[in-house]
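Q: Handing over input-v8.txt, compact mmCIF, C-alpha atoms.
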```txt
# COMPACT_ATOMS: atom_id res chain seq x y z
CA MET A 1261 32.80 226.68 -54.73
CA ALA A 1262 34.88 224.19 -56.50
CA ASP A 1263 38.10 225.24 -58.08
CA LYS A 1264 38.45 221.69 -59.28
CA LEU A 1265 36.19 219.75 -61.57
CA HIS A 1266 34.84 216.43 -60.43
CA PHE A 1267 35.39 214.02 -63.27
CA GLU A 1268 34.06 210.49 -63.64
CA LEU A 1269 34.70 208.10 -66.47
CA VAL A 1270 32.60 204.94 -66.56
CA SER A 1271 32.37 202.10 -69.03
CA PRO A 1272 29.66 199.43 -68.81
CA GLU A 1273 32.12 197.06 -67.18
CA LYS A 1274 33.49 199.38 -64.52
CA LEU A 1275 34.18 202.79 -63.08
CA LEU A 1276 37.47 203.72 -64.69
CA LYS A 1277 38.23 207.02 -63.08
CA SER A 1278 36.80 209.26 -60.46
CA ALA A 1279 38.88 212.27 -59.52
CA ASP A 1280 38.99 216.03 -59.06
CA VAL A 1281 40.88 217.63 -61.92
CA ASP A 1282 41.56 221.04 -63.47
CA MET A 1283 40.22 220.52 -66.96
CA VAL A 1284 39.01 217.79 -69.30
CA VAL A 1285 38.96 217.98 -73.08
CA VAL A 1286 36.12 215.88 -74.44
CA PRO A 1287 35.77 214.69 -78.04
CA GLY A 1288 32.12 215.53 -78.77
CA THR A 1289 30.39 214.56 -82.00
CA GLU A 1290 30.20 218.21 -82.95
CA GLY A 1291 33.78 218.99 -82.01
CA ASP A 1292 36.11 218.84 -79.04
CA PHE A 1293 35.25 220.91 -76.04
CA GLY A 1294 37.07 221.68 -72.84
CA VAL A 1295 35.27 221.44 -69.53
CA LEU A 1296 36.44 223.61 -66.68
CA PRO A 1297 35.00 223.83 -63.17
CA LEU A 1298 31.57 225.49 -63.04
CA HIS A 1299 30.86 224.68 -66.66
CA ALA A 1300 27.24 225.15 -67.75
CA PRO A 1301 25.16 221.95 -67.92
CA VAL A 1302 25.65 220.10 -71.19
CA VAL A 1303 24.78 216.72 -72.58
CA SER A 1304 26.72 215.63 -75.62
CA THR A 1305 27.34 212.46 -77.55
CA LEU A 1306 30.92 211.36 -78.09
CA ARG A 1307 32.83 210.26 -81.11
CA THR A 1308 35.85 208.00 -81.06
CA GLY A 1309 38.75 210.02 -79.82
CA ILE A 1310 41.04 210.98 -77.00
CA ILE A 1311 39.97 212.45 -73.69
CA GLU A 1312 42.59 214.71 -72.22
CA VAL A 1313 42.55 215.07 -68.48
CA HIS A 1314 44.60 217.99 -67.18
CA ASN A 1315 45.46 218.04 -63.54
CA ASP A 1316 48.16 220.26 -62.06
CA ASP A 1317 50.88 219.94 -64.64
CA GLU A 1318 50.07 216.43 -65.67
CA THR A 1319 48.04 215.38 -68.66
CA GLU A 1320 46.44 211.99 -68.93
CA ARG A 1321 45.15 210.72 -72.23
CA LEU A 1322 42.44 208.11 -72.57
CA LEU A 1323 40.92 206.50 -75.61
CA VAL A 1324 37.11 206.49 -75.80
CA ALA A 1325 34.71 205.21 -78.43
CA GLY A 1326 31.04 206.10 -78.40
CA GLY A 1327 29.00 207.23 -75.44
CA PHE A 1328 27.93 210.40 -73.69
CA ALA A 1329 29.28 213.23 -71.66
CA GLU A 1330 27.15 215.01 -69.12
CA VAL A 1331 28.09 218.15 -67.27
CA ASN A 1332 25.99 219.28 -64.34
CA SER A 1333 26.50 221.01 -61.04
CA GLU A 1334 28.11 217.87 -59.66
CA GLY A 1335 30.79 217.72 -62.33
CA LEU A 1336 31.51 215.90 -65.54
CA THR A 1337 30.40 212.33 -66.14
CA ILE A 1338 31.46 210.42 -69.22
CA LEU A 1339 29.59 207.25 -70.07
CA ALA A 1340 31.71 205.55 -72.69
CA GLU A 1341 31.13 202.33 -74.56
CA VAL A 1342 34.83 201.65 -74.78
CA ALA A 1343 37.36 203.45 -72.63
CA MET A 1344 40.96 202.79 -71.65
CA PRO A 1345 44.20 204.64 -71.01
CA LEU A 1346 46.07 205.27 -74.23
CA GLY A 1347 49.10 203.41 -72.92
CA ALA A 1348 47.07 200.23 -72.37
CA VAL A 1349 45.67 200.09 -75.89
CA ASP A 1350 46.77 197.00 -77.74
CA ARG A 1351 46.73 197.85 -81.39
CA SER A 1352 47.39 194.33 -82.63
CA SER A 1353 44.33 192.95 -80.86
CA TYR A 1354 42.14 195.50 -82.63
CA GLU A 1355 43.68 194.55 -85.93
CA ALA A 1356 42.99 190.89 -85.25
CA ASN A 1357 39.42 191.78 -84.28
CA LEU A 1358 39.01 193.74 -87.46
CA LYS A 1359 40.01 190.72 -89.50
CA ASP A 1360 37.51 188.50 -87.66
CA LEU A 1361 34.76 191.00 -88.19
CA GLN A 1362 35.47 191.33 -91.88
CA GLU A 1363 35.16 187.58 -92.16
CA ASP A 1364 31.92 187.76 -90.17
CA ILE A 1365 30.54 190.32 -92.58
CA GLN A 1366 31.32 188.06 -95.49
CA ASP A 1367 29.87 185.00 -93.80
CA ALA A 1368 26.82 186.75 -92.38
CA LYS A 1369 23.69 184.84 -93.25
CA ASP A 1370 21.07 187.50 -92.59
CA GLU A 1371 20.88 191.26 -92.66
CA GLU A 1372 20.78 191.59 -88.91
CA THR A 1373 24.08 189.87 -88.16
CA ARG A 1374 25.73 191.68 -91.03
CA ALA A 1375 24.57 195.07 -89.81
CA ARG A 1376 25.82 194.28 -86.34
CA ALA A 1377 29.23 193.14 -87.56
CA GLU A 1378 29.52 196.19 -89.79
CA LYS A 1379 28.74 198.46 -86.88
CA ALA A 1380 31.42 196.79 -84.78
CA ARG A 1381 33.86 197.02 -87.66
CA ASP A 1382 33.23 200.72 -88.12
CA GLN A 1383 33.93 201.30 -84.47
CA ILE A 1384 37.22 199.44 -84.65
CA LEU A 1385 38.16 201.29 -87.83
CA SER A 1386 37.53 204.58 -86.10
CA ILE A 1387 39.64 203.49 -83.15
CA LEU A 1388 42.48 202.51 -85.46
CA GLU A 1389 42.18 205.86 -87.21
CA VAL A 1390 42.55 207.71 -83.95
CA LEU A 1391 45.53 205.56 -83.05
CA ASP A 1392 47.12 206.37 -86.40
CA GLN A 1393 46.69 210.04 -85.79
CA GLU A 1394 48.25 209.63 -82.38
CA ALA A 1395 51.23 207.80 -83.82
CA ALA A 1396 51.80 210.39 -86.52
CA MET B 1146 16.73 143.89 -41.93
CA ALA B 1147 18.82 145.73 -44.49
CA ASN B 1148 21.70 143.71 -45.60
CA LEU B 1149 25.23 144.75 -44.86
CA LYS B 1150 26.47 144.97 -48.41
CA ASP B 1151 23.57 147.22 -49.41
CA LEU B 1152 24.30 149.52 -46.49
CA ARG B 1153 27.96 149.68 -47.40
CA ASN B 1154 27.06 150.60 -50.97
CA ARG B 1155 24.71 153.30 -49.83
CA ILE B 1156 27.31 154.79 -47.54
CA SER B 1157 29.90 154.95 -50.26
CA SER B 1158 27.44 156.40 -52.73
CA VAL B 1159 26.34 159.11 -50.31
CA GLU B 1160 29.98 159.82 -49.57
CA SER B 1161 30.73 160.43 -53.21
CA THR B 1162 27.65 162.62 -53.51
CA ARG B 1163 28.96 164.64 -50.62
CA LYS B 1164 32.29 165.03 -52.34
CA ILE B 1165 30.58 166.32 -55.46
CA THR B 1166 28.35 168.79 -53.65
CA LYS B 1167 31.31 169.98 -51.62
CA ALA B 1168 33.31 170.56 -54.77
CA MET B 1169 30.40 172.37 -56.41
CA GLN B 1170 30.02 174.55 -53.40
CA MET B 1171 33.65 175.58 -53.52
CA VAL B 1172 33.55 176.20 -57.26
CA SER B 1173 30.51 178.42 -56.97
CA ALA B 1174 32.05 180.24 -54.02
CA SER B 1175 34.96 181.30 -56.19
CA LYS B 1176 32.73 182.03 -59.17
CA LEU B 1177 30.45 184.03 -56.93
CA ARG B 1178 33.25 186.37 -55.98
CA LYS B 1179 33.99 187.06 -59.62
CA ALA B 1180 30.34 187.49 -60.52
CA GLN B 1181 29.74 189.75 -57.58
CA GLU B 1182 32.68 191.93 -58.49
CA ALA B 1183 31.42 192.19 -62.05
CA ALA B 1184 27.93 193.07 -60.87
CA GLU B 1185 29.24 195.72 -58.54
CA ALA B 1186 31.56 197.14 -61.18
CA ALA B 1187 28.63 197.55 -63.55
CA ARG B 1188 26.52 199.43 -61.08
CA PRO B 1189 28.10 202.89 -61.45
CA TYR B 1190 27.46 202.96 -65.20
CA ALA B 1191 23.84 201.91 -64.85
CA GLU B 1192 23.29 204.40 -62.04
CA ARG B 1193 24.85 207.30 -63.93
CA MET B 1194 22.87 206.33 -66.97
CA GLU B 1195 19.67 206.42 -64.97
CA LYS B 1196 20.61 209.83 -63.62
CA VAL B 1197 21.28 211.30 -67.03
CA LEU B 1198 18.08 209.78 -68.36
CA SER B 1199 15.93 211.04 -65.55
CA SER B 1200 17.39 214.54 -65.88
CA LEU B 1201 16.61 214.43 -69.57
CA ALA B 1202 13.17 212.98 -69.03
CA SER B 1203 12.22 215.59 -66.45
CA SER B 1204 13.32 218.37 -68.77
CA MET B 1205 11.29 216.77 -71.56
CA LYS B 1206 8.26 216.48 -69.33
CA GLY B 1207 5.18 218.25 -70.50
CA GLN B 1208 6.28 218.19 -74.09
CA GLN B 1209 4.19 216.27 -76.53
CA GLY B 1210 5.61 213.36 -78.43
CA GLY B 1211 9.17 212.47 -77.61
CA PRO B 1212 10.76 209.17 -78.50
CA LYS B 1213 8.54 206.14 -78.22
CA LEU B 1214 11.07 204.26 -76.11
CA LEU B 1215 10.49 206.80 -73.38
CA ALA B 1216 6.87 207.76 -73.83
CA GLY B 1217 5.50 204.32 -74.74
CA THR B 1218 3.04 203.52 -77.49
CA GLY B 1219 0.07 204.75 -75.53
CA SER B 1220 -1.29 201.24 -75.10
CA ASP B 1221 -0.43 198.29 -72.92
CA GLN B 1222 -2.31 195.60 -74.76
CA LYS B 1223 0.66 193.65 -76.07
CA GLN B 1224 2.93 192.58 -73.27
CA LEU B 1225 6.32 191.00 -73.62
CA ILE B 1226 7.66 189.11 -70.64
CA VAL B 1227 11.37 188.35 -70.62
CA VAL B 1228 12.44 185.69 -68.17
CA ALA B 1229 16.14 185.48 -67.45
CA THR B 1230 17.26 182.28 -65.73
CA SER B 1231 20.40 180.19 -65.54
CA GLU B 1232 21.75 177.62 -67.97
CA ARG B 1233 22.48 175.10 -65.28
CA GLY B 1234 20.44 173.52 -62.59
CA LEU B 1235 21.35 172.50 -59.04
CA CYS B 1236 21.12 176.01 -57.73
CA GLY B 1237 18.38 175.75 -55.15
CA GLY B 1238 15.27 177.79 -55.63
CA PHE B 1239 16.90 180.26 -57.99
CA ASN B 1240 15.17 179.31 -61.23
CA THR B 1241 11.95 178.24 -59.54
CA ASN B 1242 11.56 181.60 -57.83
CA ILE B 1243 12.07 183.60 -60.99
CA VAL B 1244 9.72 181.43 -62.98
CA LYS B 1245 7.12 181.49 -60.23
CA ALA B 1246 7.11 185.29 -60.10
CA ALA B 1247 6.95 185.46 -63.89
CA LYS B 1248 4.05 183.00 -63.97
CA VAL B 1249 2.04 185.03 -61.48
CA LYS B 1250 2.52 188.11 -63.64
CA ILE B 1251 1.70 186.24 -66.84
CA ALA B 1252 -1.45 184.75 -65.35
CA ALA B 1253 -2.55 188.17 -64.09
CA LEU B 1254 -1.98 189.75 -67.50
CA ILE B 1255 -3.86 186.99 -69.28
CA ALA B 1256 -6.73 187.39 -66.85
CA GLU B 1257 -6.83 191.07 -67.77
CA GLY B 1258 -7.20 190.07 -71.37
CA LYS B 1259 -3.78 191.22 -72.53
CA ASP B 1260 -1.78 189.55 -75.26
CA VAL B 1261 1.22 188.05 -73.56
CA GLN B 1262 4.32 186.85 -75.30
CA ILE B 1263 7.28 185.29 -73.60
CA VAL B 1264 10.97 185.42 -74.36
CA THR B 1265 13.38 183.37 -72.32
CA ILE B 1266 17.07 183.83 -71.65
CA GLY B 1267 18.68 180.72 -70.21
CA LYS B 1268 17.30 177.26 -70.76
CA LYS B 1269 16.21 176.34 -67.23
CA GLY B 1270 13.35 178.82 -67.18
CA ALA B 1271 12.44 177.96 -70.76
CA ALA B 1272 11.98 174.29 -69.89
CA VAL B 1273 9.51 175.04 -67.11
CA LEU B 1274 7.55 177.72 -68.93
CA LYS B 1275 7.22 175.55 -72.01
CA ARG B 1276 4.98 173.16 -70.10
CA GLU B 1277 2.33 175.77 -69.54
CA TYR B 1278 2.79 178.48 -72.08
CA SER B 1279 4.44 176.80 -75.05
CA GLY B 1280 2.10 178.66 -77.43
CA ARG B 1281 3.14 182.03 -76.13
CA MET B 1282 6.87 181.56 -76.19
CA ILE B 1283 8.25 183.30 -79.19
CA GLN B 1284 11.96 183.18 -78.66
CA HIS B 1285 14.77 181.76 -76.61
CA PHE B 1286 18.27 183.17 -76.17
CA ASP B 1287 20.91 180.61 -75.44
CA MET B 1288 23.57 181.81 -73.03
CA SER B 1289 25.38 178.51 -72.55
CA HIS B 1290 28.41 179.66 -74.52
CA VAL B 1291 28.83 182.69 -72.27
CA LYS B 1292 31.07 182.18 -69.27
CA ASN B 1293 31.35 185.71 -67.98
CA VAL B 1294 28.65 188.04 -69.21
CA ALA B 1295 30.14 190.93 -71.18
CA PHE B 1296 28.36 194.02 -72.39
CA SER B 1297 28.65 192.69 -75.92
CA ASP B 1298 26.52 189.68 -74.92
CA ALA B 1299 23.68 191.86 -73.76
CA THR B 1300 23.57 194.35 -76.63
CA PRO B 1301 22.41 191.98 -79.41
CA ILE B 1302 19.48 190.86 -77.25
CA ALA B 1303 18.59 194.45 -76.41
CA GLU B 1304 18.81 195.44 -80.07
CA HIS B 1305 16.50 192.62 -80.92
CA PHE B 1306 13.92 193.86 -78.42
CA ILE B 1307 14.15 197.37 -79.78
CA GLU B 1308 13.60 196.13 -83.31
CA MET B 1309 10.57 194.16 -82.20
CA TYR B 1310 9.28 197.23 -80.41
CA LYS B 1311 9.74 199.41 -83.46
CA ALA B 1312 7.92 196.80 -85.53
CA GLY B 1313 5.02 197.08 -83.10
CA ASP B 1314 5.29 193.53 -81.76
CA PHE B 1315 4.72 194.66 -78.20
CA ASP B 1316 3.88 197.74 -76.14
CA VAL B 1317 5.45 196.98 -72.79
CA CYS B 1318 8.43 194.79 -72.01
CA THR B 1319 9.08 193.52 -68.51
CA LEU B 1320 12.18 191.64 -67.52
CA PHE B 1321 12.28 189.15 -64.65
CA PHE B 1322 15.59 188.48 -62.98
CA ALA B 1323 16.97 187.87 -59.51
CA LYS B 1324 18.70 190.78 -57.88
CA PHE B 1325 21.69 189.83 -55.81
CA VAL B 1326 21.27 191.07 -52.26
CA ASN B 1327 23.69 188.76 -50.52
CA VAL B 1328 24.71 185.12 -50.61
CA LEU B 1329 21.58 184.01 -48.78
CA THR B 1330 19.07 186.36 -50.34
CA GLN B 1331 18.25 186.91 -53.96
CA GLU B 1332 15.28 189.04 -54.79
CA VAL B 1333 13.23 188.34 -57.87
CA THR B 1334 12.73 191.71 -59.50
CA PRO B 1335 10.45 192.68 -62.36
CA LEU B 1336 11.98 195.51 -64.33
CA GLN B 1337 10.19 197.42 -67.02
CA LEU B 1338 12.68 197.66 -69.88
CA ILE B 1339 10.50 199.33 -72.49
CA PRO B 1340 9.25 202.03 -72.22
CA ALA B 1341 12.06 203.15 -69.94
CA SER B 1342 11.04 203.32 -66.32
CA ILE B 1343 12.27 206.53 -64.86
CA ASP B 1344 12.53 207.69 -61.34
CA GLU B 1345 12.07 211.44 -61.47
CA ASP B 1346 13.40 212.06 -57.99
CA ASN B 1347 16.71 210.80 -59.20
CA SER B 1348 17.50 213.79 -61.35
CA VAL B 1349 20.12 216.32 -60.36
CA ASP B 1350 18.82 219.71 -59.43
CA LEU B 1351 20.30 222.21 -61.82
CA GLY B 1352 19.14 225.19 -59.83
CA GLY B 1353 17.03 226.56 -62.64
CA ALA B 1354 19.68 226.11 -65.31
CA CYS B 1355 18.95 224.18 -68.48
CA TYR B 1356 20.98 221.57 -70.25
CA ASP B 1357 22.65 222.41 -73.50
CA TYR B 1358 22.31 219.56 -75.91
CA GLU B 1359 24.86 218.63 -78.49
CA PRO B 1360 23.77 217.71 -81.17
CA ASP B 1361 20.16 218.13 -79.96
CA GLU B 1362 17.79 216.71 -77.43
CA ASN B 1363 16.03 214.26 -79.69
CA GLU B 1364 19.16 212.87 -81.23
CA ILE B 1365 20.68 212.32 -77.83
CA LEU B 1366 17.60 210.64 -76.48
CA GLU B 1367 17.44 208.50 -79.56
CA GLU B 1368 20.93 207.24 -78.89
CA LEU B 1369 20.63 207.10 -75.16
CA LEU B 1370 17.38 205.17 -74.85
CA PRO B 1371 18.42 202.09 -76.84
CA ARG B 1372 21.67 202.06 -74.96
CA ASN B 1373 19.78 202.27 -71.71
CA VAL B 1374 17.89 199.10 -72.62
CA GLY B 1375 21.21 197.38 -73.26
CA VAL B 1376 22.69 198.62 -70.01
CA GLN B 1377 19.68 197.59 -67.94
CA LEU B 1378 19.68 194.16 -69.52
CA PHE B 1379 23.41 193.79 -69.03
CA ARG B 1380 23.08 194.75 -65.42
CA ALA B 1381 20.22 192.30 -64.93
CA LEU B 1382 22.25 189.49 -66.46
CA LEU B 1383 25.18 190.26 -64.17
CA GLU B 1384 22.95 190.35 -61.11
CA ASN B 1385 21.44 187.09 -62.26
CA ALA B 1386 24.85 185.47 -62.63
CA ALA B 1387 25.84 186.52 -59.13
CA SER B 1388 22.51 185.36 -57.71
CA GLU B 1389 22.82 182.02 -59.42
CA GLN B 1390 26.20 181.36 -57.91
CA GLY B 1391 25.08 182.56 -54.50
CA SER B 1392 22.01 180.39 -54.63
CA ARG B 1393 24.01 177.39 -55.79
CA MET B 1394 26.54 177.89 -53.05
CA THR B 1395 23.86 177.89 -50.36
CA ALA B 1396 22.07 174.93 -51.90
CA MET B 1397 25.25 172.90 -52.17
CA ASP B 1398 26.26 173.81 -48.66
CA ASN B 1399 22.94 172.43 -47.44
CA ALA B 1400 23.32 169.34 -49.59
CA THR B 1401 26.77 168.70 -48.19
CA ARG B 1402 25.49 169.01 -44.66
CA ASN B 1403 22.54 166.72 -45.35
CA ALA B 1404 24.80 164.14 -46.91
CA GLY B 1405 26.98 164.27 -43.80
CA GLU B 1406 23.98 163.67 -41.55
CA MET B 1407 22.81 160.86 -43.74
CA ILE B 1408 26.21 159.20 -43.65
CA ASP B 1409 26.23 159.38 -39.85
CA SER B 1410 22.83 157.77 -39.54
CA LEU B 1411 23.67 155.13 -42.14
CA ARG B 1412 26.90 154.32 -40.27
CA THR B 1413 24.94 153.83 -37.05
CA THR B 1414 22.50 151.50 -38.78
CA TYR B 1415 25.37 149.68 -40.44
CA ASN B 1416 27.19 149.11 -37.15
CA ARG B 1417 24.03 148.02 -35.39
CA THR B 1418 23.21 145.58 -38.13
CA ARG B 1419 26.75 144.23 -38.11
CA GLN B 1420 26.60 143.61 -34.38
CA ALA B 1421 23.18 142.01 -34.65
CA VAL B 1422 24.50 139.68 -37.33
CA ILE B 1423 27.48 138.70 -35.16
CA THR B 1424 25.24 138.15 -32.11
CA ASN B 1425 22.93 136.03 -34.20
CA GLU B 1426 25.75 133.87 -35.46
CA LEU B 1427 27.08 133.42 -31.91
CA ILE B 1428 23.67 132.37 -30.65
CA GLU B 1429 23.39 129.88 -33.44
CA ILE B 1430 26.80 128.39 -32.70
CA ILE B 1431 26.21 128.23 -28.96
CA SER B 1432 22.78 126.74 -29.21
CA GLY B 1433 24.10 124.28 -31.76
CA ALA B 1434 26.86 123.25 -29.36
CA GLU B 1435 24.39 122.91 -26.49
CA ALA B 1436 22.09 120.72 -28.53
CA LEU B 1437 24.89 118.24 -28.99
```
Take the structure in the file and give it back as structure tokens.
A:
Amino acid sequence: MADKLHFELVSPEKLLKSADVDMVVVPGTEGDFGVLPLHAPVVSTLRTGIIEVHNDDETERLLVAGGFAEVNSEGLTILAEVAMPLGAVDRSSYEANLKDLQEDIQDAKDEETRARAEKARDQILSILEVLDQEAA
Amino acid sequence: MANLKDLRNRISSVESTRKITKAMQMVSASKLRKAQEAAEAARPYAERMEKVLSSLASSMKGQQGGPKLLAGTGSDQKQLIVVATSERGLCGGFNTNIVKAAKVKIAALIAEGKDVQIVTIGKKGAAVLKREYSGRMIQHFDMSHVKNVAFSDATPIAEHFIEMYKAGDFDVCTLFFAKFVNVLTQEVTPLQLIPASIDEDNSVDLGGACYDYEPDENEILEELLPRNVGVQLFRALLENAASEQGSRMTAMDNATRNAGEMIDSLRTTYNRTRQAVITNELIEIISGAEAL
């Protein structure tokens, strides 16, 4: 059967990538794992991190935050909340967002809005952390 | 006989109406393309999500318990109806159709003796439903500040529903929205948001193999189900946005054509009247001259 792995990356807004590749390294909540063709079926949640897509001799790196990965006989599907190529990430916009959210948390009138803003802030913090690691 | 000045005023007023409807038609045509693209771009995610969910659900089948968002509360007494409509009018039968379908469902549920509560998204539907069911409407979500629906607009609403569900405020939640088929057709669709409606045929055949779950089944379902509500709602809102623009485009196209026809017939009347007036004046002058 397949000597390539069918890989799909989707975010709520669009289908980001659909291609046949050699291997994908997925940042699961319980640790990174590599998916090769004919991998056993797995469902895993994702943490904020970098997906590495290996194809031939090229490696593509994409930032993801939150979501799921599913492996079945048809291939690997990643449903991410946030996903974009590492090159397209605009760090300054995240920093600006972070500032807004921190203000939101301070101004929040009820528990619900505060919890929501805090959740969004944590996600951005985790993204920034990953970006820091990348830069180092 | 209508007087000439009145006719002239009418013609110019209908002409400016036609200009407005024409402009609105063109605006919604361009907005439609954007909305349609957004709706189509969101489809893969929702479809994959459904697939993953139905695979999970079929592997969970037969087990007792499971998350409430999937299994339901075991009752259907308290019903929540969510009606998603547009923020703006002048879009043909779009809002009316959604509200009509929702009303039929609400009336049927009330007749069955269920407790029905209504939540509206978009003010046009809210205004109509308020007339009949003002006592049952518990909340309204204002979307007027949203130009292009983003996932982050849908999630707070979905989270709110989930909190209500956890608090036991309702057992079943059904969402009414218009599915975009094409520019001419929009289908009002009831969608059961909670508990998740799952099509079991949709699942991928694993050939006897079992999924490995990381961390574990329950934790994944617990994360996936709330997200599924958000995704379904997001998708519905996008479909709604596209339908609204499509419906408005058709309605405005009709209005423009009608205005054109009206102008033609008014012009004919105007010209006839003008000629009649001239003839009349001539007759008066001639008969006056003859009388001398």
Q: In Å, with one decimal, what is the gap from CA of Val1284 (chain A) to CA of Thr1319 (chain A)?
A: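 Taking CA of Val1284 (chain A) as the start and CA of Thr1319 (chain A) as the end point, the length is 9.4 Å.
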Q: Contacts of region 1386-1393 of chain A at 7 Å or less, counting all atoms listed in the file, minus same-chain residues fewer than 4 places along, as a PyMOL selection string?
A: chain A and resi 1308-1309+1382
Q: Counting all atoms listed in the file, which residues of chain A fall within 6 Å of chain B, and what is the closest atom pair for each with its distance in Å at one decimal, ordered by chain and rising number, as JSON lines?
A:
```
{"residue": "A:Val1270", "atom": "CA", "partner": "B:Tyr1190", "partner_atom": "CA", "distance": 5.7}
{"residue": "A:Pro1272", "atom": "CA", "partner": "B:Tyr1190", "partner_atom": "CA", "distance": 5.5}
{"residue": "A:Glu1273", "atom": "CA", "partner": "B:Ala1187", "partner_atom": "CA", "distance": 5.1}
{"residue": "A:Lys1274", "atom": "CA", "partner": "B:Ala1186", "partner_atom": "CA", "distance": 4.5}
{"residue": "A:Pro1301", "atom": "CA", "partner": "B:Tyr1356", "partner_atom": "CA", "distance": 4.8}
{"residue": "A:Val1302", "atom": "CA", "partner": "B:Asp1357", "partner_atom": "CA", "distance": 4.4}
{"residue": "A:Val1303", "atom": "CA", "partner": "B:Tyr1358", "partner_atom": "CA", "distance": 5.0}
{"residue": "A:Ser1304", "atom": "CA", "partner": "B:Glu1359", "partner_atom": "CA", "distance": 4.5}
```
Q: Can you list, as number ranges by chain, every protein, DNA or RNA residue that comes within 12 Å of Val1349 (chain A) when you count only C-alpha atoms, leaving out same-chain residues fewer than 3 positions away?
A: A: 1310, 1321-1324, 1342-1346, 1352-1355, 1387-1388, 1390-1391, 1394
Q: Can you tell me how far CA of Ile1266 (chain B) sits from CA of Asp1287 (chain B), in Å to one decimal?
A: 6.3 Å
Q: With only C-alpha atoms as the counted atoms, please give the residues lying no more than 7 Å from Glu1232 (chain B), apart from itself and same-chain residues fewer than 2 positions off, as a PyMOL selection string.
A: chain B and resi 1230+1234+1267-1269+1288-1289
Q: Hey, which of B:Ala1396, B:Leu1382, B:Ala1229, B:Ile1283 ends up closest to Phe1321 (chain B)? Count all atoms listed in the file.
A: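 Closest to Phe1321 (chain B), using all atoms listed in the file: B:Ala1229.
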Q: One decimal, in Å: what's the spacing between CA of Val1228 (chain B) and CA of Ile1302 (chain B)?
A: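 Interatomic distance, CA of Val1228 (chain B) to CA of Ile1302 (chain B): 12.6 Å.
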Q: Write out as a count of residues only the residues lying within 7 Å of Val1317 (chain B), counting all atoms listed in the file and excluding same-chain residues fewer than 6 positions away.
A: 6
Q: Taking 2 positions as the minimum chain separation for residues in the same chain, which residues sit within 7 Å of Leu1215 (chain B) when counting only C-alpha atoms? Answer as a VMD selection string.
A: chain B and resid 1212 to 1213 1217 1340 to 1341
